[in-house]
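For reference, coords_8.tsv (TSV, C-alpha atoms and all ligand atoms):
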```tsv
chain	number	residue	atom	x	y	z
W	1	MET	CA	-48.23	-7.52	16.06
W	2	LYS	CA	-50.84	-8.32	13.44
W	3	ASP	CA	-54.43	-7.05	13.54
W	4	LYS	CA	-53.91	-5.30	16.84
W	5	ALA	CA	-54.52	-8.54	18.73
W	6	ILE	CA	-53.38	-9.51	22.20
W	7	ASN	CA	-53.65	-13.27	22.45
W	8	ILE	CA	-52.80	-14.38	25.97
W	9	CYS	CA	-51.42	-17.71	27.10
W	10	LEU	CA	-52.23	-17.96	30.80
W	11	VAL	CA	-50.09	-20.25	32.95
W	12	GLY	CA	-51.86	-21.24	36.16
W	13	PHE	CA	-55.59	-20.93	36.78
W	14	GLY	CA	-55.74	-20.25	40.52
W	15	ASN	CA	-57.24	-17.32	42.41
W	16	ALA	CA	-55.23	-14.57	40.68
W	17	ALA	CA	-55.64	-15.95	37.13
W	18	GLN	CA	-59.39	-16.44	37.59
W	19	GLU	CA	-59.83	-12.87	38.87
W	20	PHE	CA	-57.73	-11.59	35.96
W	21	CYS	CA	-60.05	-13.45	33.54
W	22	ARG	CA	-63.09	-11.81	35.16
W	23	MET	CA	-61.38	-8.45	34.64
W	24	VAL	CA	-60.70	-9.25	30.96
W	25	ILE	CA	-64.37	-10.20	30.47
W	26	THR	CA	-65.52	-6.94	32.08
W	27	LYS	CA	-62.97	-4.60	30.48
W	28	ASN	CA	-62.51	-6.14	27.03
W	29	LEU	CA	-64.73	-3.68	25.15
W	30	GLU	CA	-63.25	-0.73	27.03
W	31	ILE	CA	-59.71	-1.76	26.01
W	32	LYS	CA	-60.81	-2.18	22.39
W	33	ALA	CA	-62.49	1.24	22.37
W	34	SER	CA	-59.55	3.06	23.94
W	35	THR	CA	-56.60	1.26	22.28
W	36	GLY	CA	-57.97	-0.59	19.27
W	37	TYR	CA	-56.56	-3.87	20.65
W	38	ASP	CA	-58.67	-6.97	20.88
W	39	VAL	CA	-57.68	-8.91	24.02
W	40	LYS	CA	-58.33	-12.66	24.07
W	41	VAL	CA	-57.10	-15.57	26.16
W	42	THR	CA	-56.15	-18.20	23.57
W	43	ALA	CA	-54.43	-20.75	25.84
W	44	ILE	CA	-54.59	-21.77	29.49
W	45	ALA	CA	-52.02	-24.16	30.96
W	46	GLY	CA	-53.19	-25.57	34.26
W	47	ARG	CA	-51.84	-28.34	36.46
W	48	SER	CA	-54.64	-30.41	38.03
W	49	LYS	CA	-57.33	-28.40	36.16
W	50	GLY	CA	-56.13	-29.41	32.65
W	51	SER	CA	-55.23	-27.18	29.69
W	52	ILE	CA	-57.02	-25.47	26.80
W	53	ILE	CA	-55.81	-24.06	23.49
W	54	ASN	CA	-58.20	-22.15	21.25
W	55	PRO	CA	-56.71	-19.69	18.70
W	56	LYS	CA	-60.13	-18.02	18.27
W	57	GLY	CA	-60.35	-17.20	21.98
W	58	ILE	CA	-61.33	-19.36	24.95
W	59	ASN	CA	-64.83	-18.99	26.35
W	60	LEU	CA	-63.64	-17.61	29.71
W	61	ALA	CA	-67.07	-17.56	31.34
W	62	LYS	CA	-67.40	-21.30	30.65
W	63	ALA	CA	-63.84	-22.04	31.83
W	64	LEU	CA	-64.54	-20.18	35.07
W	65	MET	CA	-67.84	-21.97	35.54
W	66	ASP	CA	-66.34	-25.43	34.84
W	67	VAL	CA	-63.59	-24.84	37.39
W	68	GLU	CA	-66.04	-23.48	39.94
W	69	SER	CA	-68.41	-26.43	39.60
W	70	ASN	CA	-66.01	-29.34	38.83
W	71	GLY	CA	-62.59	-28.08	39.92
W	72	LYS	CA	-61.26	-28.51	36.35
W	73	PHE	CA	-61.87	-27.69	32.70
W	74	ASP	CA	-64.35	-29.68	30.62
W	75	ALA	CA	-62.31	-32.72	29.50
W	76	ASN	CA	-64.73	-33.36	26.61
W	77	ALA	CA	-64.58	-29.88	25.12
W	78	GLU	CA	-63.01	-29.61	21.64
W	79	ASP	CA	-60.32	-27.17	22.74
W	80	THR	CA	-59.10	-29.20	25.75
W	81	VAL	CA	-55.56	-30.49	25.19
W	82	ASN	CA	-53.47	-33.13	26.87
W	83	MET	CA	-50.16	-31.25	27.12
W	84	ASP	CA	-47.81	-30.12	29.86
W	85	THR	CA	-47.25	-26.42	30.42
W	86	ILE	CA	-44.14	-26.08	28.26
W	87	GLN	CA	-45.95	-27.87	25.40
W	88	VAL	CA	-48.91	-25.50	25.74
W	89	ILE	CA	-46.60	-22.47	25.50
W	90	GLU	CA	-44.80	-24.02	22.50
W	91	ASN	CA	-48.00	-24.96	20.68
W	92	CYS	CA	-50.26	-21.99	21.36
W	93	SER	CA	-50.61	-19.12	18.89
W	94	SER	CA	-50.52	-16.52	21.68
W	95	ASN	CA	-48.24	-13.48	21.65
W	96	VAL	CA	-48.28	-12.72	25.41
W	97	LEU	CA	-47.51	-15.07	28.30
W	98	VAL	CA	-49.12	-14.30	31.67
W	99	GLU	CA	-47.28	-16.38	34.31
W	100	LEU	CA	-49.46	-17.02	37.38
W	101	SER	CA	-48.36	-20.47	38.49
W	102	THR	CA	-47.46	-21.41	42.06
W	103	LEU	CA	-44.41	-19.64	43.47
W	104	SER	CA	-41.34	-21.77	44.10
W	105	ILE	CA	-39.38	-19.61	46.49
W	106	TYR	CA	-36.35	-21.93	46.53
W	107	ASP	CA	-35.41	-21.73	42.82
W	108	GLY	CA	-38.05	-19.77	40.86
W	109	GLU	CA	-38.82	-22.83	38.68
W	110	PRO	CA	-40.69	-23.91	36.61
W	111	ALA	CA	-41.83	-20.30	36.07
W	112	ILE	CA	-38.36	-19.28	34.81
W	113	SER	CA	-38.48	-22.02	32.15
W	114	HIS	CA	-42.01	-20.98	31.16
W	115	ILE	CA	-40.79	-17.41	30.62
W	116	GLU	CA	-37.64	-18.46	28.72
W	117	THR	CA	-39.75	-20.68	26.43
W	118	ALA	CA	-42.08	-17.75	25.74
W	119	PHE	CA	-39.17	-15.42	24.89
W	120	GLU	CA	-37.76	-18.02	22.49
W	121	LYS	CA	-41.13	-17.95	20.71
W	122	GLY	CA	-41.09	-14.14	20.55
W	123	MET	CA	-43.83	-13.67	23.16
W	124	HIS	CA	-44.03	-10.71	25.55
W	125	VAL	CA	-44.22	-11.73	29.22
W	126	ILE	CA	-46.17	-10.47	32.24
W	127	THR	CA	-45.49	-12.30	35.50
W	128	GLY	CA	-47.26	-12.09	38.85
W	129	ASN	CA	-45.02	-14.90	40.07
W	130	LYS	CA	-42.07	-13.28	41.88
W	131	GLY	CA	-39.81	-16.37	41.69
W	132	PRO	CA	-38.28	-15.37	38.32
W	133	ILE	CA	-37.67	-11.77	39.52
W	134	ALA	CA	-36.12	-12.93	42.79
W	135	TRP	CA	-33.91	-15.55	41.09
W	136	LYS	CA	-33.06	-14.57	37.52
W	137	TYR	CA	-34.16	-10.99	36.89
W	138	GLN	CA	-31.09	-9.66	35.09
W	139	LYS	CA	-30.85	-12.62	32.71
W	140	LEU	CA	-34.55	-12.50	31.84
W	141	ARG	CA	-34.52	-8.70	31.44
W	142	ASP	CA	-31.50	-8.85	29.10
W	143	ASN	CA	-33.05	-11.71	27.14
W	144	SER	CA	-36.28	-9.73	26.61
W	145	LYS	CA	-34.36	-6.57	25.62
W	146	GLN	CA	-32.23	-8.41	23.04
W	147	ARG	CA	-35.40	-9.75	21.45
W	148	GLY	CA	-37.29	-6.44	21.63
W	149	LEU	CA	-39.92	-7.97	23.92
W	150	GLN	CA	-41.67	-6.56	26.98
W	151	PHE	CA	-41.05	-8.14	30.39
W	152	LEU	CA	-43.41	-6.77	33.08
W	153	TYR	CA	-43.86	-7.78	36.74
W	154	GLU	CA	-45.72	-5.06	38.72
W	155	THR	CA	-47.83	-7.54	40.75
W	156	THR	CA	-44.84	-9.38	42.22
W	157	VAL	CA	-44.44	-6.95	45.14
W	158	MET	CA	-47.47	-5.28	46.80
W	159	ASP	CA	-49.90	-6.52	44.12
W	160	GLY	CA	-51.18	-3.79	41.80
W	161	THR	CA	-49.84	-0.96	43.97
W	162	PRO	CA	-47.33	0.80	41.73
W	163	ILE	CA	-43.80	0.12	43.00
W	164	PHE	CA	-41.70	-0.67	39.95
W	165	ASN	CA	-43.79	1.64	37.73
W	166	PHE	CA	-43.65	4.31	40.44
W	167	VAL	CA	-39.85	4.41	40.36
W	168	LYS	CA	-39.57	3.90	36.58
W	169	TYR	CA	-42.14	6.44	35.43
W	170	THR	CA	-42.59	8.97	38.23
W	171	LEU	CA	-39.09	9.31	39.70
W	172	PRO	CA	-37.05	9.85	36.51
W	173	GLY	CA	-33.37	10.50	37.15
W	174	CYS	CA	-33.54	9.30	40.76
W	175	LYS	CA	-31.15	6.63	41.97
W	176	VAL	CA	-32.57	4.28	44.62
W	177	LEU	CA	-30.11	4.20	47.53
W	178	SER	CA	-32.06	1.98	49.92
W	179	PHE	CA	-35.54	0.78	50.82
W	180	LYS	CA	-37.38	-0.55	53.83
W	181	GLY	CA	-40.88	-1.87	54.25
W	182	ILE	CA	-43.40	-4.27	55.69
W	183	LEU	CA	-44.23	-6.66	52.87
W	184	ASN	CA	-45.65	-9.87	54.34
W	185	SER	CA	-49.32	-9.97	55.40
W	186	THR	CA	-49.29	-13.19	57.42
W	187	THR	CA	-46.48	-12.13	59.76
W	188	ASN	CA	-47.91	-8.63	60.13
W	189	PHE	CA	-51.31	-10.08	61.03
W	190	VAL	CA	-49.85	-12.63	63.49
W	191	LEU	CA	-47.81	-9.95	65.29
W	192	GLU	CA	-50.90	-7.72	65.47
W	193	GLU	CA	-53.00	-10.55	66.93
W	194	MET	CA	-50.29	-11.18	69.55
W	195	GLU	CA	-50.39	-7.47	70.46
W	196	SER	CA	-54.08	-7.96	71.28
W	197	GLY	CA	-53.08	-10.76	73.67
W	198	ASN	CA	-53.73	-13.80	71.45
W	199	SER	CA	-51.19	-16.61	71.42
W	200	TYR	CA	-48.93	-17.24	68.41
W	201	GLU	CA	-50.75	-20.54	67.71
W	202	ASP	CA	-54.21	-18.90	67.82
W	203	ALA	CA	-52.99	-16.07	65.57
W	204	ILE	CA	-51.79	-18.58	62.95
W	205	LYS	CA	-55.11	-20.43	63.16
W	206	GLU	CA	-57.01	-17.17	62.59
W	207	ALA	CA	-54.78	-16.22	59.63
W	208	LYS	CA	-55.53	-19.62	58.05
W	209	ARG	CA	-59.25	-19.24	58.74
W	210	ARG	CA	-59.26	-15.87	56.95
W	211	GLY	CA	-57.53	-17.49	53.99
W	212	PHE	CA	-54.27	-15.57	53.67
W	213	ALA	CA	-51.98	-18.02	55.50
W	214	GLU	CA	-51.13	-21.28	53.75
W	215	GLU	CA	-51.80	-24.66	55.38
W	216	ASP	CA	-48.02	-24.72	55.97
W	217	PRO	CA	-47.35	-21.06	56.84
W	218	SER	CA	-43.59	-21.53	57.34
W	219	MET	CA	-42.76	-19.77	54.05
W	220	ASP	CA	-44.23	-16.59	55.58
W	221	ILE	CA	-43.35	-17.16	59.25
W	222	ASP	CA	-39.70	-17.98	58.52
W	223	GLY	CA	-39.36	-14.86	56.36
W	224	TRP	CA	-38.91	-16.62	52.99
W	225	ASP	CA	-41.72	-14.75	51.23
W	226	ALA	CA	-40.34	-11.44	52.57
W	227	ALA	CA	-36.82	-12.47	51.47
W	228	ALA	CA	-38.07	-13.19	47.92
W	229	LYS	CA	-39.73	-9.75	47.79
W	230	THR	CA	-36.55	-8.11	49.14
W	231	ALA	CA	-34.46	-9.89	46.48
W	232	ALA	CA	-36.93	-8.84	43.75
W	233	LEU	CA	-36.80	-5.19	44.90
W	234	LEU	CA	-32.99	-5.20	45.07
W	235	ASN	CA	-32.71	-6.78	41.62
W	236	VAL	CA	-35.07	-4.35	39.89
W	237	LEU	CA	-34.61	-1.10	41.83
W	238	MET	CA	-30.87	-1.39	42.54
W	239	ASP	CA	-29.83	-3.55	39.57
W	240	THR	CA	-28.36	-6.40	41.63
W	241	ASN	CA	-28.14	-10.11	40.96
W	242	ILE	CA	-29.13	-11.45	44.37
W	243	ASN	CA	-31.44	-14.36	45.27
W	244	PRO	CA	-33.62	-15.11	48.35
W	245	THR	CA	-31.02	-17.42	49.95
W	246	GLU	CA	-28.55	-14.51	50.00
W	247	ILE	CA	-30.88	-12.29	52.04
W	248	ASP	CA	-29.97	-12.10	55.75
W	249	ARG	CA	-33.23	-13.63	56.98
W	250	GLN	CA	-34.87	-14.05	60.36
W	251	GLY	CA	-38.55	-14.94	60.82
W	252	ILE	CA	-40.98	-14.40	63.71
W	253	ALA	CA	-41.39	-17.97	65.05
W	254	HIS	CA	-39.26	-17.16	68.12
W	255	ILE	CA	-41.25	-14.03	69.11
W	256	THR	CA	-43.16	-14.52	72.38
W	257	LEU	CA	-45.96	-12.60	74.09
W	258	LYS	CA	-43.25	-11.45	76.54
W	259	ASP	CA	-41.33	-9.82	73.65
W	260	ILE	CA	-44.54	-8.09	72.56
W	261	GLU	CA	-45.09	-6.79	76.14
W	262	LYS	CA	-41.49	-5.53	76.25
W	263	ALA	CA	-42.06	-3.66	72.99
W	264	LYS	CA	-45.24	-2.10	74.42
W	265	GLU	CA	-43.30	-0.87	77.49
W	266	LYS	CA	-40.92	0.92	75.09
W	267	GLN	CA	-43.91	2.49	73.21
W	268	CYS	CA	-43.08	0.25	70.26
W	269	LYS	CA	-44.49	-2.55	68.13
W	270	ILE	CA	-42.61	-5.51	66.68
W	271	LYS	CA	-42.75	-5.62	62.87
W	272	LEU	CA	-41.05	-7.87	60.30
W	273	LEU	CA	-38.94	-5.38	58.37
W	274	CYS	CA	-37.53	-5.89	54.86
W	275	GLU	CA	-34.50	-3.78	54.01
W	276	GLY	CA	-32.27	-3.27	51.00
W	277	TYR	CA	-29.18	-1.04	51.17
W	278	ILE	CA	-25.58	-0.58	50.06
W	279	GLU	CA	-22.75	-1.54	52.41
W	280	ASP	CA	-19.12	-1.24	51.29
W	281	ASN	CA	-20.36	-0.81	47.72
W	282	ILE	CA	-22.24	-4.11	47.92
W	283	ALA	CA	-26.04	-4.31	47.86
W	284	LYS	CA	-27.40	-6.14	50.89
W	285	GLY	CA	-30.84	-7.43	51.87
W	286	LYS	CA	-32.19	-8.12	55.33
W	287	VAL	CA	-35.48	-9.47	56.74
W	288	HIS	CA	-35.81	-9.30	60.52
W	289	PRO	CA	-38.26	-8.50	63.34
W	290	VAL	CA	-37.52	-5.08	64.86
W	291	TYR	CA	-38.96	-2.65	67.41
W	292	ILE	CA	-40.73	0.19	65.60
W	293	SER	CA	-41.68	3.29	67.61
W	294	ASN	CA	-45.43	3.95	67.85
W	295	LYS	CA	-44.66	7.38	66.35
W	296	ASP	CA	-43.30	5.82	63.15
W	297	ILE	CA	-45.81	5.42	60.30
W	298	LEU	CA	-44.58	1.81	59.90
W	299	SER	CA	-46.09	0.91	63.28
W	300	ASN	CA	-49.57	1.76	61.91
W	301	ILE	CA	-49.41	-0.67	59.00
W	302	ASP	CA	-52.17	-2.99	60.13
W	303	ALA	CA	-53.35	-6.50	59.26
W	304	THR	CA	-52.75	-7.34	55.58
W	305	SER	CA	-51.60	-3.84	54.58
W	306	SER	CA	-48.07	-3.17	53.31
W	307	ILE	CA	-45.70	-0.24	53.11
W	308	LEU	CA	-42.53	0.45	51.16
W	309	GLY	CA	-40.25	3.44	51.79
W	310	ILE	CA	-37.72	4.17	49.06
W	311	THR	CA	-34.76	6.49	49.70
W	312	THR	CA	-33.40	8.17	46.59
W	313	ASP	CA	-30.52	10.55	45.88
W	314	LEU	CA	-32.69	13.41	44.56
W	315	MET	CA	-36.16	12.93	46.09
W	316	GLY	CA	-35.18	11.78	49.60
W	317	GLU	CA	-37.56	9.17	51.05
W	318	VAL	CA	-40.96	8.46	49.53
W	319	GLN	CA	-43.40	5.91	50.95
W	320	VAL	CA	-46.14	3.90	49.26
W	321	ILE	CA	-48.89	2.13	51.25
W	322	GLU	CA	-51.26	-0.60	50.14
W	323	LYS	CA	-54.32	-0.81	52.36
W	324	ASN	CA	-55.80	-4.29	53.00
W	325	PRO	CA	-55.65	-5.70	49.46
W	326	GLU	CA	-57.96	-8.39	48.08
W	327	ILE	CA	-57.43	-10.67	45.07
W	328	GLN	CA	-58.77	-7.91	42.76
W	329	GLN	CA	-55.67	-5.82	43.55
W	330	THR	CA	-53.44	-8.75	42.48
W	331	ALA	CA	-55.34	-9.10	39.21
W	332	TYR	CA	-55.21	-5.33	38.69
W	333	GLY	CA	-51.38	-5.47	38.70
W	334	ILE	CA	-51.53	-7.91	35.77
W	335	TYR	CA	-54.19	-5.81	34.05
W	336	SER	CA	-52.12	-2.62	34.46
W	337	ASP	CA	-49.09	-4.44	32.95
W	338	LEU	CA	-51.31	-5.49	30.06
W	339	LEU	CA	-52.22	-1.85	29.38
W	340	THR	CA	-48.53	-0.85	29.72
W	341	LEU	CA	-47.69	-3.53	27.16
W	342	ILE	CA	-50.38	-2.33	24.74
W	343	ARG	CA	-49.15	1.27	25.09
W	344	SER	CA	-45.63	0.15	24.18
W	345	LEU	CA	-46.64	-1.55	20.92
C	1	LIG	N1	-52.85	-14.25	45.56
C	1	LIG	C1	-52.16	-13.14	45.75
C	1	LIG	O1	-52.58	-12.28	46.51
C	1	LIG	C2	-50.89	-12.88	44.99
C	1	LIG	C3	-50.31	-11.61	45.04
C	1	LIG	C4	-49.16	-11.34	44.29
C	1	LIG	C5	-48.57	-12.36	43.55
C	1	LIG	N2	-49.16	-13.60	43.54
C	1	LIG	C6	-48.50	-14.67	42.77
C	1	LIG	O2	-49.33	-15.03	41.68
C	1	LIG	C7	-49.21	-16.44	41.42
C	1	LIG	C8	-50.60	-17.06	41.48
C	1	LIG	O3	-51.16	-16.83	42.75
C	1	LIG	P1	-52.57	-17.44	43.16
C	1	LIG	O4	-52.99	-16.77	44.39
C	1	LIG	O5	-53.47	-17.46	41.98
C	1	LIG	O6	-52.13	-18.93	43.52
C	1	LIG	P2	-53.03	-20.25	43.44
C	1	LIG	O7	-54.46	-19.92	43.67
C	1	LIG	O8	-52.37	-21.26	44.30
C	1	LIG	O9	-52.88	-20.69	41.91
C	1	LIG	C9	-51.71	-21.16	41.34
C	1	LIG	C10	-52.11	-22.04	40.18
C	1	LIG	O10	-50.94	-22.42	39.46
C	1	LIG	C11	-51.15	-23.78	39.03
C	1	LIG	N3	-49.86	-24.38	38.71
C	1	LIG	C12	-48.86	-24.75	39.53
C	1	LIG	N4	-47.82	-25.20	38.83
C	1	LIG	C13	-48.17	-25.13	37.53
C	1	LIG	C14	-47.52	-25.45	36.32
C	1	LIG	N5	-46.30	-25.97	36.29
C	1	LIG	N6	-48.19	-25.22	35.16
C	1	LIG	C15	-49.43	-24.70	35.16
C	1	LIG	N7	-50.10	-24.37	36.27
C	1	LIG	C16	-49.47	-24.58	37.44
C	1	LIG	C17	-51.83	-24.44	40.21
C	1	LIG	O11	-52.46	-25.62	39.77
C	1	LIG	P3	-53.35	-26.56	40.72
C	1	LIG	O12	-54.74	-26.05	40.52
C	1	LIG	O13	-53.16	-27.93	40.20
C	1	LIG	O14	-52.82	-26.37	42.11
C	1	LIG	C18	-52.81	-23.34	40.63
C	1	LIG	O15	-54.05	-23.43	39.95
C	1	LIG	C19	-48.24	-17.00	42.48
C	1	LIG	O16	-46.96	-17.09	41.94
C	1	LIG	C20	-48.30	-15.96	43.57
C	1	LIG	O17	-47.11	-15.91	44.33
C	1	LIG	C21	-50.31	-13.88	44.22
```
Turn this file's structure into structure tokens for me.
Ligand SMILES: NC(=O)c1ccc[n+]([C@@H]2O[C@H](COP(=O)([O-])OP(=O)(O)OC[C@H]3O[C@@H](n4cnc5c(N)ncnc54)[C@H](OP(=O)(O)O)[C@@H]3O)[C@@H](O)[C@H]2O)c1
Amino acid sequence: MKDKAINICLVGFGNAAQEFCRMVITKNLEIKASTGYDVKVTAIAGRSKGSIINPKGINLAKALMDVESNGKFDANAEDTVNMDTIQVIENCSSNVLVELSTLSIYDGEPAISHIETAFEKGMHVITGNKGPIAWKYQKLRDNSKQRGLQFLYETTVMDGTPIFNFVKYTLPGCKVLSFKGILNSTTNFVLEEMESGNSYEDAIKEAKRRGFAEEDPSMDIDGWDAAAKTAALLNVLMDTNINPTEIDRQGIAHITLKDIEKAKEKQCKIKLLCEGYIEDNIAKGKVHPVYISNKDILSNIDATSSILGITTDLMGEVQVIEKNPEIQQTAYGIYSDLLTLIRSL
């Protein structure tokens, strides 16, 4: 990598990408001082916001301001380009792709194609989009290895909370035998609201009002988001080649206040549990609402918090909790991957 430069091509300029740019603006000098690397964003491929390519480095403060005030980049600026995302990746002079476009839970595209195009150009890849990890992890990992490129994805499950790095760097020699966790904020919040006596419909409304449930929350409620995270965890931690449609999936739409009352009588709470395990030598994934005893730490995972318990052959079970994350924790996962990448060069 010449001149110790990290030139990023950013795909997607939504909440996570914008927060990541703010972090780059704030931390740029610190990275340079501690690693010698100059980090710049030299291309941004948006959808409705437009796209920019500037080999000298995009003025991120201006890009953020333009999007905040007009909802898109300045169409008259010299570095604005009229290209689709693949063309931006092909034509930019960046050496790192950061993939933060909208998740397509049903096939992982077009993010997979964005990543494959970047590898063909010899670019390292950091993705916060879990589609590619849930759908094509092994192929992408092998592709990056053959080319001597980094492929990093810490943010895809539990934001910047170390999950993949935790297993990779701090549990050396341990084999992951199974995992279980609560990994979807919307369903956890809705179930908690119902415990306080609110109806399912009111709970959904409140989740939308607070901004973490989508206008159409079915991807969360029907367990698809949790299934994608379960597939991603199985693929990376247990080296499987499974996709979200192969996860045994049940959502929470059928849960009633009566079910919640029944759980209370049993000193339990209902939680949407994600599980990965081996059965008859085959890795399996399951997402389903279950009774969790009030004595179990999982029952105390409140609101938008998450937990993942990993059972290993040598270290038994270890649990990691993320407490009420905000968008900064998503951006931090990308930022931590960026530092991991720089360390590897
Ligand atoms: N937010 C979180 O807490 C969180 C946590 C972990 C992982 N992630 C993942 O990170 C990614 C970004 O999340 P976000 O919260 O920033 O979502 P977001 O605010 O909806 O932003 C996604 C952006 O991607 C753009 N986009 C969609 N398709 C594109 C394409 N083909 N080429 C270029 N840009 C495209 C969208 O353009 P428009 O402006 O035209 O819609 C939008 O600006 C998602 O994959 C998400 O699953 C998010």
Using all atoms of segment 252-257 of chain W listed in the file and a margin of 5 Å per side, can you give the axis-aligned box centre and edge lengths in Å to one decimal, as lines of an AutoDock Vina configuration file?
```
center_x = -42.6
center_y = -15.3
center_z = 68.9
size_x = 16.7
size_y = 15.4
size_z = 20.4
```
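Take atom CA of Val167 of chain W and atom CA of Glu326 of chain W: the distance between them is 23.5 Å.
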For Ile126 of chain W, the nearest of the candidates W:Ile8, W:Val320, W:Ile310, W:Asn184, counting only C-alpha atoms: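 Of all the options, W:Ile8 lies closest to Ile126 of chain W.
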W:Ser144, W:Ser48, W:Thr155, W:Asn281 ranked by distance to Met83 of chain W, top pick (using only C-alpha atoms): W:Ser48
Shell of 8 Å around ligand LIG 1 (chain C) (all atoms listed in the file), written as number ranges by chain: W: 11-18, 45-49, 84-85, 99-104, 110-111, 127-131, 155-159, 325-327, 329-330
Between segment 126-195 of chain W and segment 313-319 of chain W, at 9 Å or less, what are the per-residue closest atom pairs and their distances in Å? Count only C-alpha atoms, order by chain and rising residue number, and return it as a tab-separated table.
```
residue	atom	partner	partner_atom	distance
W:Leu171	CA	W:Met315	CA	7.9
W:Gly173	CA	W:Leu314	CA	8.0
W:Cys174	CA	W:Leu314	CA	5.7
W:Lys175	CA	W:Asp313	CA	5.6
W:Val176	CA	W:Asp313	CA	6.7
W:Leu177	CA	W:Asp313	CA	6.6
W:Phe179	CA	W:Glu317	CA	8.6
W:Gly181	CA	W:Gln319	CA	8.8
```
Interatomic distance (Å, one decimal) between atom CA of Ile52 of chain W and atom CA of Glu19 of chain W: 17.7 Å
Nearest to Val236 of chain W, chosen from W:Arg22, W:Arg209, W:Lys180, W:Lys136, with all atoms listed in the file counted in the distances: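 Comparing W:Arg22, W:Arg209, W:Lys180, W:Lys136 against Val236 of chain W, the winner is W:Lys136.
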For Tyr277 of chain W: contacts at 9 Å, all atoms listed in the file, fewer than 6 positions along chain excluded, given as a PyMOL selection string: chain W and resi 177-180+234+238+283-286
Write the selection just made, keeping C-alpha atoms, as a JSON list (two decimals), keeping the file's coordinate frame?
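What landed in part_38.json:
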```
[["chain", "number", "residue", "atom", "x", "y", "z"],
["W", 177, "LEU", "CA", -30.11, 4.20, 47.53],
["W", 178, "SER", "CA", -32.06, 1.98, 49.92],
["W", 179, "PHE", "CA", -35.54, 0.78, 50.82],
["W", 180, "LYS", "CA", -37.38, -0.55, 53.83],
["W", 234, "LEU", "CA", -32.99, -5.20, 45.07],
["W", 238, "MET", "CA", -30.87, -1.39, 42.54],
["W", 283, "ALA", "CA", -26.04, -4.31, 47.86],
["W", 284, "LYS", "CA", -27.40, -6.14, 50.89],
["W", 285, "GLY", "CA", -30.84, -7.43, 51.87],
["W", 286, "LYS", "CA", -32.19, -8.12, 55.33]]
```
Within 8 Å of Ile89 of chain W using all atoms listed in the file, minus same-chain residues under 4 positions, as JSON, numbers by chain: {"W": [9, 45, 85, 97, 114, 117, 118]}
